[in-house]
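Below: start.pdb (PDB, C-alpha atoms)
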ATOM      1  CA  MET A   2     -20.760 -20.073  12.158
ATOM      2  CA  VAL A   3     -18.923 -17.139  13.730
ATOM      3  CA  ALA A   4     -17.364 -19.329  16.424
ATOM      4  CA  SER A   5     -16.317 -21.898  13.808
ATOM      5  CA  LEU A   6     -14.640 -19.238  11.673
ATOM      6  CA  TRP A   7     -12.833 -17.895  14.730
ATOM      7  CA  ALA A   8     -11.577 -21.393  15.618
ATOM      8  CA  LEU A   9     -10.284 -21.962  12.080
ATOM      9  CA  ALA A  10      -8.644 -18.531  12.041
ATOM     10  CA  ALA A  11      -6.972 -19.236  15.392
ATOM     11  CA  VAL A  12      -5.505 -22.479  14.032
ATOM     12  CA  ALA A  13      -4.269 -20.745  10.869
ATOM     13  CA  MET A  14      -2.649 -17.951  12.887
ATOM     14  CA  SER A  15      -1.034 -20.483  15.232
ATOM     15  CA  LEU A  16       0.570 -22.133  12.217
ATOM     16  CA  GLY A  17       1.603 -18.702  10.968
ATOM     17  CA  TRP A  18       3.209 -17.913  14.336
ATOM     18  CA  TRP A  19       5.146 -21.175  14.148
ATOM     19  CA  TRP A  20       6.297 -20.289  10.601
ATOM     20  CA  GLN A  21       7.497 -16.819  11.601
ATOM     21  CA  ARG A  22       9.376 -18.301  14.550
ATOM     22  CA  ARG A  23      11.330 -20.542  12.197
ATOM     23  CA  HIS A  24      11.912 -17.872   9.534
ATOM     24  CA  ASP A  25      12.097 -14.676  11.642
ATOM     25  CA  ASN A  26       9.514 -13.057   9.387
ATOM     26  CA  ALA A  27       6.237 -11.928  10.933
ATOM     27  CA  GLY A  28       4.997 -10.535   7.612
ATOM     28  CA  ILE A  29       3.239 -13.867   7.095
ATOM     29  CA  VAL A  30       0.506 -12.556   9.404
ATOM     30  CA  ASP A  31      -0.712 -10.169   6.701
ATOM     31  CA  ALA A  32      -0.998 -12.902   4.077
ATOM     32  CA  ILE A  33      -2.880 -15.178   6.474
ATOM     33  CA  TRP A  34      -5.200 -12.340   7.464
ATOM     34  CA  ALA A  35      -6.105 -11.572   3.841
ATOM     35  CA  GLY A  36      -6.581 -15.238   2.996
ATOM     36  CA  GLY A  37      -8.570 -15.783   6.184
ATOM     37  CA  VAL A  38     -11.006 -12.957   5.489
ATOM     38  CA  GLY A  39     -11.443 -14.187   1.911
ATOM     39  CA  PHE A  40     -12.040 -17.699   3.238
ATOM     40  CA  GLY A  41     -14.651 -16.219   5.588
ATOM     41  CA  ALA A  42     -16.617 -15.012   2.561
ATOM     42  CA  VAL A  43     -16.642 -18.495   1.020
ATOM     43  CA  PHE A  44     -17.332 -20.115   4.398
ATOM     44  CA  TYR A  45     -20.407 -17.991   5.122
ATOM     45  CA  ALA A  46     -21.642 -18.224   1.532
ATOM     46  CA  THR A  47     -21.506 -22.015   1.712
ATOM     47  CA  LEU A  48     -23.266 -22.475   5.058
ATOM     48  CA  SER A  49     -25.814 -19.639   5.157
ATOM     49  CA  PRO A  50     -29.509 -19.674   4.129
ATOM     50  CA  GLY A  51     -29.528 -16.538   1.941
ATOM     51  CA  ASP A  52     -30.426 -16.140  -1.716
ATOM     52  CA  ALA A  53     -28.304 -18.361  -3.964
ATOM     53  CA  ILE A  54     -27.275 -15.540  -6.325
ATOM     54  CA  VAL A  55     -26.198 -13.318  -3.448
ATOM     55  CA  ARG A  56     -24.176 -16.148  -1.924
ATOM     56  CA  VAL A  57     -22.441 -16.859  -5.246
ATOM     57  CA  VAL A  58     -21.567 -13.162  -5.595
ATOM     58  CA  LEU A  59     -20.266 -13.172  -2.025
ATOM     59  CA  ALA A  60     -18.085 -16.241  -2.561
ATOM     60  CA  LEU A  61     -16.667 -14.913  -5.819
ATOM     61  CA  CYS A  62     -16.032 -11.309  -4.767
ATOM     62  CA  GLY A  63     -14.829 -11.994  -1.248
ATOM     63  CA  GLY A  64     -12.876 -15.092  -2.245
ATOM     64  CA  VAL A  65     -11.130 -13.553  -5.256
ATOM     65  CA  TRP A  66     -10.273 -10.377  -3.334
ATOM     66  CA  GLY A  67      -8.775 -12.360  -0.444
ATOM     67  CA  LEU A  68      -6.881 -14.763  -2.684
ATOM     68  CA  ARG A  69      -5.336 -11.974  -4.790
ATOM     69  CA  LEU A  70      -4.216  -9.998  -1.762
ATOM     70  CA  ALA A  71      -2.945 -13.069   0.094
ATOM     71  CA  LEU A  72      -0.851 -14.204  -2.878
ATOM     72  CA  HIS A  73       0.538 -10.699  -3.390
ATOM     73  CA  LEU A  74       1.563 -10.466   0.265
ATOM     74  CA  TRP A  75       2.942 -14.016   0.296
ATOM     75  CA  ARG A  76       5.222 -13.228  -2.654
ATOM     76  CA  ARG A  77       6.610 -10.271  -0.706
ATOM     77  CA  VAL A  78       7.090 -12.326   2.457
ATOM     78  CA  ARG A  79       8.776 -15.174   0.593
ATOM     79  CA  GLY A  80      11.032 -13.020  -1.571
ATOM     80  CA  GLU A  81      12.051 -10.166   0.737
ATOM     81  CA  PRO A  82      13.461  -9.682   4.249
ATOM     82  CA  GLU A  83      11.031  -9.062   7.081
ATOM     83  CA  ASP A  84       9.030  -5.864   6.649
ATOM     84  CA  GLY A  85      10.521  -2.955   8.584
ATOM     85  CA  ARG A  86       7.357  -2.565  10.652
ATOM     86  CA  TYR A  87       7.771  -6.068  12.034
ATOM     87  CA  ARG A  88      11.528  -5.732  12.446
ATOM     88  CA  HIS A  89      10.836  -2.693  14.604
ATOM     89  CA  LEU A  90       8.219  -4.643  16.559
ATOM     90  CA  ARG A  91      10.623  -7.573  16.989
ATOM     91  CA  SER A  92      13.277  -5.217  18.325
ATOM     92  CA  HIS A  93      10.793  -3.463  20.624
ATOM     93  CA  TRP A  94       9.601  -6.802  22.035
ATOM     94  CA  HIS A  95      13.151  -8.223  22.142
ATOM     95  CA  GLY A  96      11.944 -11.173  20.068
ATOM     96  CA  HIS A  97       9.484 -12.301  22.785
ATOM     97  CA  GLN A  98       7.555 -15.132  21.141
ATOM     98  CA  GLY A  99       4.708 -15.038  23.647
ATOM     99  CA  LYS A 100       3.898 -11.479  22.590
ATOM    100  CA  PHE A 101       4.082 -12.483  18.948
ATOM    101  CA  PHE A 102       1.665 -15.351  19.602
ATOM    102  CA  VAL A 103      -0.843 -12.968  21.214
ATOM    103  CA  PHE A 104      -0.390 -10.610  18.271
ATOM    104  CA  PHE A 105      -1.129 -13.409  15.785
ATOM    105  CA  GLN A 106      -4.218 -14.472  17.744
ATOM    106  CA  PHE A 107      -5.432 -10.882  17.793
ATOM    107  CA  GLN A 108      -5.242 -10.998  14.001
ATOM    108  CA  ALA A 109      -7.408 -14.146  14.094
ATOM    109  CA  ALA A 110     -10.070 -12.134  15.943
ATOM    110  CA  LEU A 111      -9.765  -9.408  13.304
ATOM    111  CA  ILE A 112     -10.545 -11.978  10.607
ATOM    112  CA  VAL A 113     -13.883 -12.584  12.321
ATOM    113  CA  LEU A 114     -14.501  -8.843  12.698
ATOM    114  CA  PHE A 115     -13.791  -8.044   9.057
ATOM    115  CA  ALA A 116     -15.907 -10.990   7.904
ATOM    116  CA  LEU A 117     -19.043  -9.505   9.521
ATOM    117  CA  PRO A 118     -20.111  -7.795   6.258
ATOM    118  CA  PHE A 119     -20.008 -11.198   4.577
ATOM    119  CA  LEU A 120     -22.366 -12.579   7.212
ATOM    120  CA  ALA A 121     -24.815  -9.778   6.413
ATOM    121  CA  LEU A 122     -24.713 -10.744   2.735
ATOM    122  CA  ALA A 123     -25.062 -14.422   3.493
ATOM    123  CA  PHE A 124     -28.448 -13.826   5.138
ATOM    124  CA  ASN A 125     -29.787 -11.571   2.387
ATOM    125  CA  GLY A 126     -32.908 -13.156   0.937
ATOM    126  CA  ARG A 127     -33.176 -10.926  -2.112
ATOM    127  CA  LEU A 128     -31.018  -8.291  -3.803
ATOM    128  CA  ALA A 129     -32.371  -5.727  -6.279
ATOM    129  CA  PRO A 130     -30.517  -5.702  -9.648
ATOM    130  CA  MET A 131     -29.621  -2.029  -9.149
ATOM    131  CA  TRP A 132     -27.699  -2.760  -5.937
ATOM    132  CA  LEU A 133     -26.091  -5.825  -7.475
ATOM    133  CA  ALA A 134     -24.792  -3.750 -10.409
ATOM    134  CA  ALA A 135     -23.576  -0.973  -8.094
ATOM    135  CA  GLY A 136     -21.715  -3.443  -5.891
ATOM    136  CA  VAL A 137     -20.077  -5.200  -8.829
ATOM    137  CA  ALA A 138     -18.957  -1.850 -10.298
ATOM    138  CA  ILE A 139     -17.432  -0.714  -6.990
ATOM    139  CA  TRP A 140     -15.737  -4.078  -6.499
ATOM    140  CA  LEU A 141     -14.226  -4.145 -10.007
ATOM    141  CA  LEU A 142     -12.918  -0.571  -9.867
ATOM    142  CA  SER A 143     -11.519  -0.965  -6.353
ATOM    143  CA  VAL A 144      -9.808  -4.319  -6.853
ATOM    144  CA  ALA A 145      -8.392  -3.146 -10.195
ATOM    145  CA  GLY A 146      -7.084   0.046  -8.565
ATOM    146  CA  GLU A 147      -5.521  -1.815  -5.640
ATOM    147  CA  SER A 148      -3.927  -4.359  -7.974
ATOM    148  CA  LEU A 149      -2.482  -1.576 -10.148
ATOM    149  CA  ALA A 150      -1.062   0.260  -7.130
ATOM    150  CA  ASP A 151       0.496  -2.965  -5.831
ATOM    151  CA  ARG A 152       2.093  -3.709  -9.213
ATOM    152  CA  GLN A 153       3.460  -0.187  -9.559
ATOM    153  CA  LEU A 154       5.041  -0.316  -6.119
ATOM    154  CA  ALA A 155       6.425  -3.827  -6.669
ATOM    155  CA  ARG A 156       8.026  -2.729  -9.961
ATOM    156  CA  PHE A 157       9.566   0.313  -8.264
ATOM    157  CA  ARG A 158      10.939  -1.720  -5.356
ATOM    158  CA  ALA A 159      12.402  -4.338  -7.695
ATOM    159  CA  ASP A 160      14.805  -1.766  -9.196
ATOM    160  CA  PRO A 161      17.963  -1.651  -7.005
ATOM    161  CA  SER A 162      18.590   1.953  -8.043
ATOM    162  CA  ASN A 163      15.428   2.964  -6.163
ATOM    163  CA  ARG A 164      16.701   1.779  -2.788
ATOM    164  CA  GLY A 165      16.146   4.501  -0.222
ATOM    165  CA  ARG A 166      13.833   6.435  -2.532
ATOM    166  CA  THR A 167      10.065   6.917  -2.409
ATOM    167  CA  CYS A 168       7.796   5.702  -5.186
ATOM    168  CA  ARG A 169       6.085   8.616  -6.933
ATOM    169  CA  GLU A 170       5.051   6.722 -10.054
ATOM    170  CA  GLY A 171       1.532   6.119 -11.349
ATOM    171  CA  LEU A 172      -1.114   6.192  -8.646
ATOM    172  CA  TRP A 173       1.561   6.888  -6.028
ATOM    173  CA  ARG A 174       1.895  10.391  -7.462
ATOM    174  CA  TYR A 175      -1.632  11.255  -6.301
ATOM    175  CA  SER A 176      -1.814   9.453  -2.945
ATOM    176  CA  ARG A 177       0.783   8.245  -0.458
ATOM    177  CA  HIS A 178      -1.344   5.123   0.045
ATOM    178  CA  PRO A 179      -3.405   4.387  -3.083
ATOM    179  CA  ASN A 180      -3.471   0.671  -2.238
ATOM    180  CA  TYR A 181      -5.054   1.496   1.123
ATOM    181  CA  PHE A 182      -7.536   3.859  -0.539
ATOM    182  CA  PHE A 183      -8.800   1.205  -2.934
ATOM    183  CA  GLU A 184      -8.748  -1.411  -0.183
ATOM    184  CA  TRP A 185     -11.095   0.844   1.786
ATOM    185  CA  THR A 186     -13.459   1.635  -1.118
ATOM    186  CA  HIS A 187     -13.673  -2.075  -1.944
ATOM    187  CA  TRP A 188     -15.660  -2.658   1.261
ATOM    188  CA  PHE A 189     -18.508  -0.439   0.047
ATOM    189  CA  ALA A 190     -19.315  -3.123  -2.528
ATOM    190  CA  TYR A 191     -20.506  -5.417   0.267
ATOM    191  CA  VAL A 192     -22.705  -2.657   1.672
ATOM    192  CA  CYS A 193     -24.487  -2.600  -1.695
ATOM    193  CA  PHE A 194     -24.739  -6.390  -1.790
ATOM    194  CA  ALA A 195     -26.238  -6.460   1.729
ATOM    195  CA  VAL A 196     -29.153  -4.093   1.011
ATOM    196  CA  GLY A 197     -32.318  -5.906   2.135
ATOM    197  CA  SER A 198     -30.553  -8.217   4.580
ATOM    198  CA  PRO A 199     -31.871  -8.433   8.159
ATOM    199  CA  LEU A 200     -28.228  -7.989   9.200
ATOM    200  CA  PHE A 201     -27.629  -5.008   6.894
ATOM    201  CA  GLY A 202     -26.086  -2.866   9.648
ATOM    202  CA  TRP A 203     -23.212  -5.311   9.981
ATOM    203  CA  ALA A 204     -22.174  -4.625   6.388
ATOM    204  CA  TRP A 205     -21.016  -1.158   7.470
ATOM    205  CA  ALA A 206     -18.398  -2.790   9.698
ATOM    206  CA  GLY A 207     -16.266  -3.221   6.582
ATOM    207  CA  PRO A 208     -15.729   0.387   5.457
ATOM    208  CA  VAL A 209     -15.994   1.886   8.954
ATOM    209  CA  VAL A 210     -13.622  -0.469  10.762
ATOM    210  CA  MET A 211     -11.223  -0.587   7.807
ATOM    211  CA  TYR A 212     -10.984   3.212   7.731
ATOM    212  CA  VAL A 213     -10.312   3.372  11.481
ATOM    213  CA  PHE A 214      -7.575   0.743  11.253
ATOM    214  CA  LEU A 215      -5.970   2.222   8.142
ATOM    215  CA  ARG A 216      -6.098   5.825   9.305
ATOM    216  CA  TRP A 217      -5.279   5.573  12.998
ATOM    217  CA  ILE A 218      -4.214   2.101  14.124
ATOM    218  CA  SER A 219      -2.268  -0.396  12.019
ATOM    219  CA  GLY A 220      -2.128   1.026   8.494
ATOM    220  CA  ILE A 221      -0.897   4.517   7.746
ATOM    221  CA  PRO A 222       0.714   5.328  11.146
ATOM    222  CA  TYR A 223       2.952   2.234  11.133
ATOM    223  CA  THR A 224       3.728   2.425   7.422
ATOM    224  CA  GLU A 225       4.683   6.094   7.527
ATOM    225  CA  ALA A 226       6.734   5.716  10.700
ATOM    226  CA  GLN A 227       8.760   2.977   8.993
ATOM    227  CA  ALA A 228       9.082   5.067   5.814
ATOM    228  CA  LEU A 229      10.479   7.969   7.835
ATOM    229  CA  ARG A 230      12.970   5.649   9.530
ATOM    230  CA  SER A 231      14.177   4.186   6.234
ATOM    231  CA  ARG A 232      13.853   7.143   3.817
ATOM    232  CA  GLY A 233      14.053  10.189   6.023
ATOM    233  CA  GLU A 234      13.910  13.558   4.269
ATOM    234  CA  ASP A 235      12.876  12.032   0.940
ATOM    235  CA  TYR A 236       9.698  10.729   2.549
ATOM    236  CA  ARG A 237       9.112  13.984   4.457
ATOM    237  CA  ASP A 238       9.162  15.787   1.124
ATOM    238  CA  TYR A 239       6.694  13.220  -0.212
ATOM    239  CA  GLN A 240       4.427  13.863   2.785
ATOM    240  CA  ARG A 241       4.499  17.602   2.136
ATOM    241  CA  SER A 242       3.619  17.289  -1.555
ATOM    242  CA  THR A 243       1.286  14.285  -1.782
ATOM    243  CA  PRO A 244      -2.172  13.694  -0.225
ATOM    244  CA  MET A 245      -2.174  11.048   2.459
ATOM    245  CA  LEU A 246      -5.070   8.770   1.465
ATOM    246  CA  PHE A 247      -7.647  10.327  -0.852
ATOM    247  CA  PRO A 248      -6.073  10.767  -4.317
ATOM    248  CA  TRP A 249      -5.615  14.315  -5.551
ATOM    249  CA  PHE A 250      -3.112  16.296  -7.569
ATOM    250  CA  PRO A 251       0.231  16.750  -5.801
ATOM    251  CA  ARG A 252       1.134  20.161  -4.449
ATOM    252  CA  SER A 253       3.798  22.056  -6.383
ATOM    253  CA  PRO A 254       7.133  22.771  -4.691
ATOM    254  CA  SER A 255       6.369  26.501  -4.548
ATOM    255  CA  ARG A 256       3.023  25.929  -2.785
ATOM    256  CA  THR A 257       4.651  23.443  -0.420
ATOM    257  CA  GLU A 258       7.383  25.925   0.538
ATOM    258  CA  THR A 259       4.858  28.739   0.984
ATOM    259  CA  SER A 260       2.632  26.681   3.288
ATOM    260  CA  SER A 261       5.522  25.358   5.371
TER     261      SER A 261
END
Can you turn what I pasted into structure tokens?
Amino acid sequence: MVASLWALAAVAMSLGWWWQRRHDNAGIVDAIWAGGVGFGAVFYATLSPGDAIVRVVLALCGGVWGLRLALHLWRRVRGEPEDGRYRHLRSHWHGHQGKFFVFFQFQAALIVLFALPFLALAFNGRLAPMWLAAGVAIWLLSVAGESLADRQLARFRADPSNRGRTCREGLWRYSRHPNYFFEWTHWFAYVCFAVGSPLFGWAWAGPVVMYVFLRWISGIPYTEAQALRSRGEDYRDYQRSTPMLFPWFPRSPSRTETSS
């Protein structure tokens, strides 16, 4: 099953690479990644031998999460110029399409990696009602929080008067990356759903690997570097006053000046 998912992901990313070559917009990779991981949940739920209720929960939660995120990212890719992170990468690589193809195929491998928690669920023979309820609660709160953060940012970006400014509205007042925070917490739902599975340890790949990628590899570092390039001092002020990932009350200007 893992090899089959990898093969399907590789084909999808190859088509995505071809699309970005025609449209000069590599942001499509994010939409395909989200849709691919969500598809992985449905794929494993369909083919695995686990408990029927657990597999239905897996297909619904993983599939709905992936579909929502993929559609949100696709709307951004279709309606906006290429994300600054990928413009910077395109400039750094001088538009080298071979490097872009390797990058897209690396994302196909990440689909398989991030689908490992779903495989743990798919082999779960029985799930206690307590863990089912806990997982559903975490999933609902996290997906609702991520959706709200995405809508707030999209509304802010849609206003031309906000060009060059940093969103500090709603959840963005309490965290510089509330969408990433809820994306991370969402993966703990699958840890709950996988309790009792012989592959339970694999369920921890979701929150652990997601945190590593968001915090140190492809999430926050790239996003903040692009924000500093495009918004400069306004974003530096935002960094000084607002927690990076875990939501908390913003620091007052006086406290910020004192600590700097």
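Taking only C-alpha atoms into account, Ala4 (chain A) lies nearest to A:Ala110 out of the set A:Ala60, A:Ala110, A:Asp25, A:Gly96.
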Starting from the displayed file, determine the output of the PyMOL selection byres ((chain A and resi 115) around 10) and express the residue list as a JSON list (two decimals) with C-alpha atoms, in the coordinates of the input.
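expr36.json, freshly written:
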[["chain", "number", "residue", "atom", "x", "y", "z"],
["A", 34, "TRP", "CA", -5.20, -12.34, 7.46],
["A", 35, "ALA", "CA", -6.10, -11.57, 3.84],
["A", 37, "GLY", "CA", -8.57, -15.78, 6.18],
["A", 38, "VAL", "CA", -11.01, -12.96, 5.49],
["A", 39, "GLY", "CA", -11.44, -14.19, 1.91],
["A", 41, "GLY", "CA", -14.65, -16.22, 5.59],
["A", 42, "ALA", "CA", -16.62, -15.01, 2.56],
["A", 110, "ALA", "CA", -10.07, -12.13, 15.94],
["A", 111, "LEU", "CA", -9.76, -9.41, 13.30],
["A", 112, "ILE", "CA", -10.54, -11.98, 10.61],
["A", 113, "VAL", "CA", -13.88, -12.58, 12.32],
["A", 114, "LEU", "CA", -14.50, -8.84, 12.70],
["A", 116, "ALA", "CA", -15.91, -10.99, 7.90],
["A", 117, "LEU", "CA", -19.04, -9.51, 9.52],
["A", 118, "PRO", "CA", -20.11, -7.80, 6.26],
["A", 119, "PHE", "CA", -20.01, -11.20, 4.58],
["A", 120, "LEU", "CA", -22.37, -12.58, 7.21],
["A", 188, "TRP", "CA", -15.66, -2.66, 1.26],
["A", 203, "TRP", "CA", -23.21, -5.31, 9.98],
["A", 204, "ALA", "CA", -22.17, -4.62, 6.39],
["A", 206, "ALA", "CA", -18.40, -2.79, 9.70],
["A", 207, "GLY", "CA", -16.27, -3.22, 6.58],
["A", 208, "PRO", "CA", -15.73, 0.39, 5.46],
["A", 210, "VAL", "CA", -13.62, -0.47, 10.76],
["A", 211, "MET", "CA", -11.22, -0.59, 7.81]]
Cut-off 9 Å: closest region 121-176 of chain A/region 44-50 of chain A atom pairs per residue, using only C-alpha atoms, as a tab-separated table:
residue	atom	partner	partner_atom	distance
A:Leu122	CA	A:Ala46	CA	8.2
A:Ala123	CA	A:Ala46	CA	5.5
A:Phe124	CA	A:Pro50	CA	6.0
A:Asn125	CA	A:Pro50	CA	8.3
A:Gly126	CA	A:Pro50	CA	8.0
Using all atoms listed in the file, find all polymer residues with an atom at most 12 Å away from the point (-1.0, 7.2, -12.8); report them as a list in words.
-> Gly146, Leu149, Ala150, Arg152, Gln153, Leu154, Cys168, Arg169, Glu170, Gly171, Leu172, Trp173, Arg174, Tyr175, Ser176, Pro179, Pro248, Trp249, Phe250 and Pro251 of chain A
Would you mind reading off the distance between CA of Arg91 (chain A) and CA of His178 (chain A), one decimal, in Å?
->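 Computed distance, CA of Arg91 (chain A) to CA of His178 (chain A), equals 24.3 Å.
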In Å, how far is it from CA of Ile33 (chain A) to CA of Gly220 (chain A)?
->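 Going from CA of Ile33 (chain A) over to CA of Gly220 (chain A), I get 16.3 Å.
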Reference answer for the PyMOL selection byres ((chain A and resi 195) around 7), as a PDB file with C-alpha atoms, keeping the file's coordinate frame:
ATOM      1  CA  ALA A 121     -24.815  -9.778   6.413  1.00  0.00           C
ATOM      2  CA  LEU A 122     -24.713 -10.744   2.735  1.00  0.00           C
ATOM      3  CA  ASN A 125     -29.787 -11.571   2.387  1.00  0.00           C
ATOM      4  CA  TYR A 191     -20.506  -5.417   0.267  1.00  0.00           C
ATOM      5  CA  VAL A 192     -22.705  -2.657   1.672  1.00  0.00           C
ATOM      6  CA  CYS A 193     -24.487  -2.600  -1.695  1.00  0.00           C
ATOM      7  CA  PHE A 194     -24.739  -6.390  -1.790  1.00  0.00           C
ATOM      8  CA  VAL A 196     -29.153  -4.093   1.011  1.00  0.00           C
ATOM      9  CA  GLY A 197     -32.318  -5.906   2.135  1.00  0.00           C
ATOM     10  CA  SER A 198     -30.553  -8.217   4.580  1.00  0.00           C
ATOM     11  CA  PHE A 201     -27.629  -5.008   6.894  1.00  0.00           C
ATOM     12  CA  ALA A 204     -22.174  -4.625   6.388  1.00  0.00           C
TER      13      ALA A 204
END
Enumerate, as a list in words, the residues matched when the PyMOL selection byres ((chain A and resi 182) around 10) is run on the file above.
->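 Written out, the selection comes to Ser143, Gly146, Glu147, Ala150, Ser176, Arg177, His178, Pro179, Asn180, Tyr181, Phe183, Glu184, Trp185, Thr186, His187, Tyr212, Leu215, Met245, Leu246, Phe247 and Pro248 of chain A.
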Restricted to C-alpha atoms, what would the selected residues look like written as a PDB file, in the coordinates of the input?
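Printed below is again37.pdb as written:
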ATOM      1  CA  SER A 143     -11.519  -0.965  -6.353  1.00  0.00           C
ATOM      2  CA  GLY A 146      -7.084   0.046  -8.565  1.00  0.00           C
ATOM      3  CA  GLU A 147      -5.521  -1.815  -5.640  1.00  0.00           C
ATOM      4  CA  ALA A 150      -1.062   0.260  -7.130  1.00  0.00           C
ATOM      5  CA  SER A 176      -1.814   9.453  -2.945  1.00  0.00           C
ATOM      6  CA  ARG A 177       0.783   8.245  -0.458  1.00  0.00           C
ATOM      7  CA  HIS A 178      -1.344   5.123   0.045  1.00  0.00           C
ATOM      8  CA  PRO A 179      -3.405   4.387  -3.083  1.00  0.00           C
ATOM      9  CA  ASN A 180      -3.471   0.671  -2.238  1.00  0.00           C
ATOM     10  CA  TYR A 181      -5.054   1.496   1.123  1.00  0.00           C
ATOM     11  CA  PHE A 183      -8.800   1.205  -2.934  1.00  0.00           C
ATOM     12  CA  GLU A 184      -8.748  -1.411  -0.183  1.00  0.00           C
ATOM     13  CA  TRP A 185     -11.095   0.844   1.786  1.00  0.00           C
ATOM     14  CA  THR A 186     -13.459   1.635  -1.118  1.00  0.00           C
ATOM     15  CA  HIS A 187     -13.673  -2.075  -1.944  1.00  0.00           C
ATOM     16  CA  TYR A 212     -10.984   3.212   7.731  1.00  0.00           C
ATOM     17  CA  LEU A 215      -5.970   2.222   8.142  1.00  0.00           C
ATOM     18  CA  MET A 245      -2.174  11.048   2.459  1.00  0.00           C
ATOM     19  CA  LEU A 246      -5.070   8.770   1.465  1.00  0.00           C
ATOM     20  CA  PHE A 247      -7.647  10.327  -0.852  1.00  0.00           C
ATOM     21  CA  PRO A 248      -6.073  10.767  -4.317  1.00  0.00           C
TER      22      PRO A 248
END
For region 98-109 of chain A in the structure I just supplied, write out N, CA, C and O atoms - as a PDB file, in the first residue's frame.
ATOM      1  N   GLN A  98      14.453  23.817 -14.402  1.00  0.00           N
ATOM      2  CA  GLN A  98      13.295  22.942 -14.273  1.00  0.00           C
ATOM      3  C   GLN A  98      13.655  21.561 -13.729  1.00  0.00           C
ATOM      4  O   GLN A  98      12.808  20.891 -13.113  1.00  0.00           O
ATOM      5  N   GLY A  99      14.887  21.119 -13.910  1.00  0.00           N
ATOM      6  CA  GLY A  99      15.294  19.858 -13.331  1.00  0.00           C
ATOM      7  C   GLY A  99      15.263  19.917 -11.810  1.00  0.00           C
ATOM      8  O   GLY A  99      14.819  18.967 -11.148  1.00  0.00           O
ATOM      9  N   LYS A 100      15.707  21.028 -11.248  1.00  0.00           N
ATOM     10  CA  LYS A 100      15.677  21.191  -9.793  1.00  0.00           C
ATOM     11  C   LYS A 100      14.243  21.276  -9.289  1.00  0.00           C
ATOM     12  O   LYS A 100      13.921  20.745  -8.222  1.00  0.00           O
ATOM     13  N   PHE A 101      13.390  21.938 -10.048  1.00  0.00           N
ATOM     14  CA  PHE A 101      11.984  21.997  -9.662  1.00  0.00           C
ATOM     15  C   PHE A 101      11.349  20.608  -9.691  1.00  0.00           C
ATOM     16  O   PHE A 101      10.531  20.273  -8.832  1.00  0.00           O
ATOM     17  N   PHE A 102      11.722  19.794 -10.683  1.00  0.00           N
ATOM     18  CA  PHE A 102      11.155  18.448 -10.762  1.00  0.00           C
ATOM     19  C   PHE A 102      11.571  17.620  -9.548  1.00  0.00           C
ATOM     20  O   PHE A 102      10.739  16.913  -8.958  1.00  0.00           O
ATOM     21  N   VAL A 103      12.838  17.717  -9.154  1.00  0.00           N
ATOM     22  CA  VAL A 103      13.301  16.998  -7.958  1.00  0.00           C
ATOM     23  C   VAL A 103      12.558  17.499  -6.731  1.00  0.00           C
ATOM     24  O   VAL A 103      12.163  16.709  -5.857  1.00  0.00           O
ATOM     25  N   PHE A 104      12.347  18.811  -6.657  1.00  0.00           N
ATOM     26  CA  PHE A 104      11.626  19.393  -5.532  1.00  0.00           C
ATOM     27  C   PHE A 104      10.199  18.845  -5.461  1.00  0.00           C
ATOM     28  O   PHE A 104       9.719  18.477  -4.384  1.00  0.00           O
ATOM     29  N   PHE A 105       9.523  18.769  -6.600  1.00  0.00           N
ATOM     30  CA  PHE A 105       8.158  18.234  -6.624  1.00  0.00           C
ATOM     31  C   PHE A 105       8.147  16.761  -6.225  1.00  0.00           C
ATOM     32  O   PHE A 105       7.246  16.315  -5.507  1.00  0.00           O
ATOM     33  N   GLN A 106       9.132  15.994  -6.662  1.00  0.00           N
ATOM     34  CA  GLN A 106       9.167  14.576  -6.303  1.00  0.00           C
ATOM     35  C   GLN A 106       9.499  14.374  -4.823  1.00  0.00           C
ATOM     36  O   GLN A 106       9.039  13.410  -4.203  1.00  0.00           O
ATOM     37  N   PHE A 107      10.275  15.297  -4.263  1.00  0.00           N
ATOM     38  CA  PHE A 107      10.523  15.247  -2.827  1.00  0.00           C
ATOM     39  C   PHE A 107       9.212  15.442  -2.073  1.00  0.00           C
ATOM     40  O   PHE A 107       8.961  14.794  -1.050  1.00  0.00           O
ATOM     41  N   GLN A 108       8.358  16.318  -2.581  1.00  0.00           N
ATOM     42  CA  GLN A 108       7.051  16.522  -1.960  1.00  0.00           C
ATOM     43  C   GLN A 108       6.184  15.267  -2.067  1.00  0.00           C
ATOM     44  O   GLN A 108       5.354  14.998  -1.193  1.00  0.00           O
ATOM     45  N   ALA A 109       6.362  14.490  -3.141  1.00  0.00           N
ATOM     46  CA  ALA A 109       5.627  13.223  -3.262  1.00  0.00           C
ATOM     47  C   ALA A 109       6.048  12.274  -2.144  1.00  0.00           C
ATOM     48  O   ALA A 109       5.210  11.574  -1.550  1.00  0.00           O
TER      49      ALA A 109
END
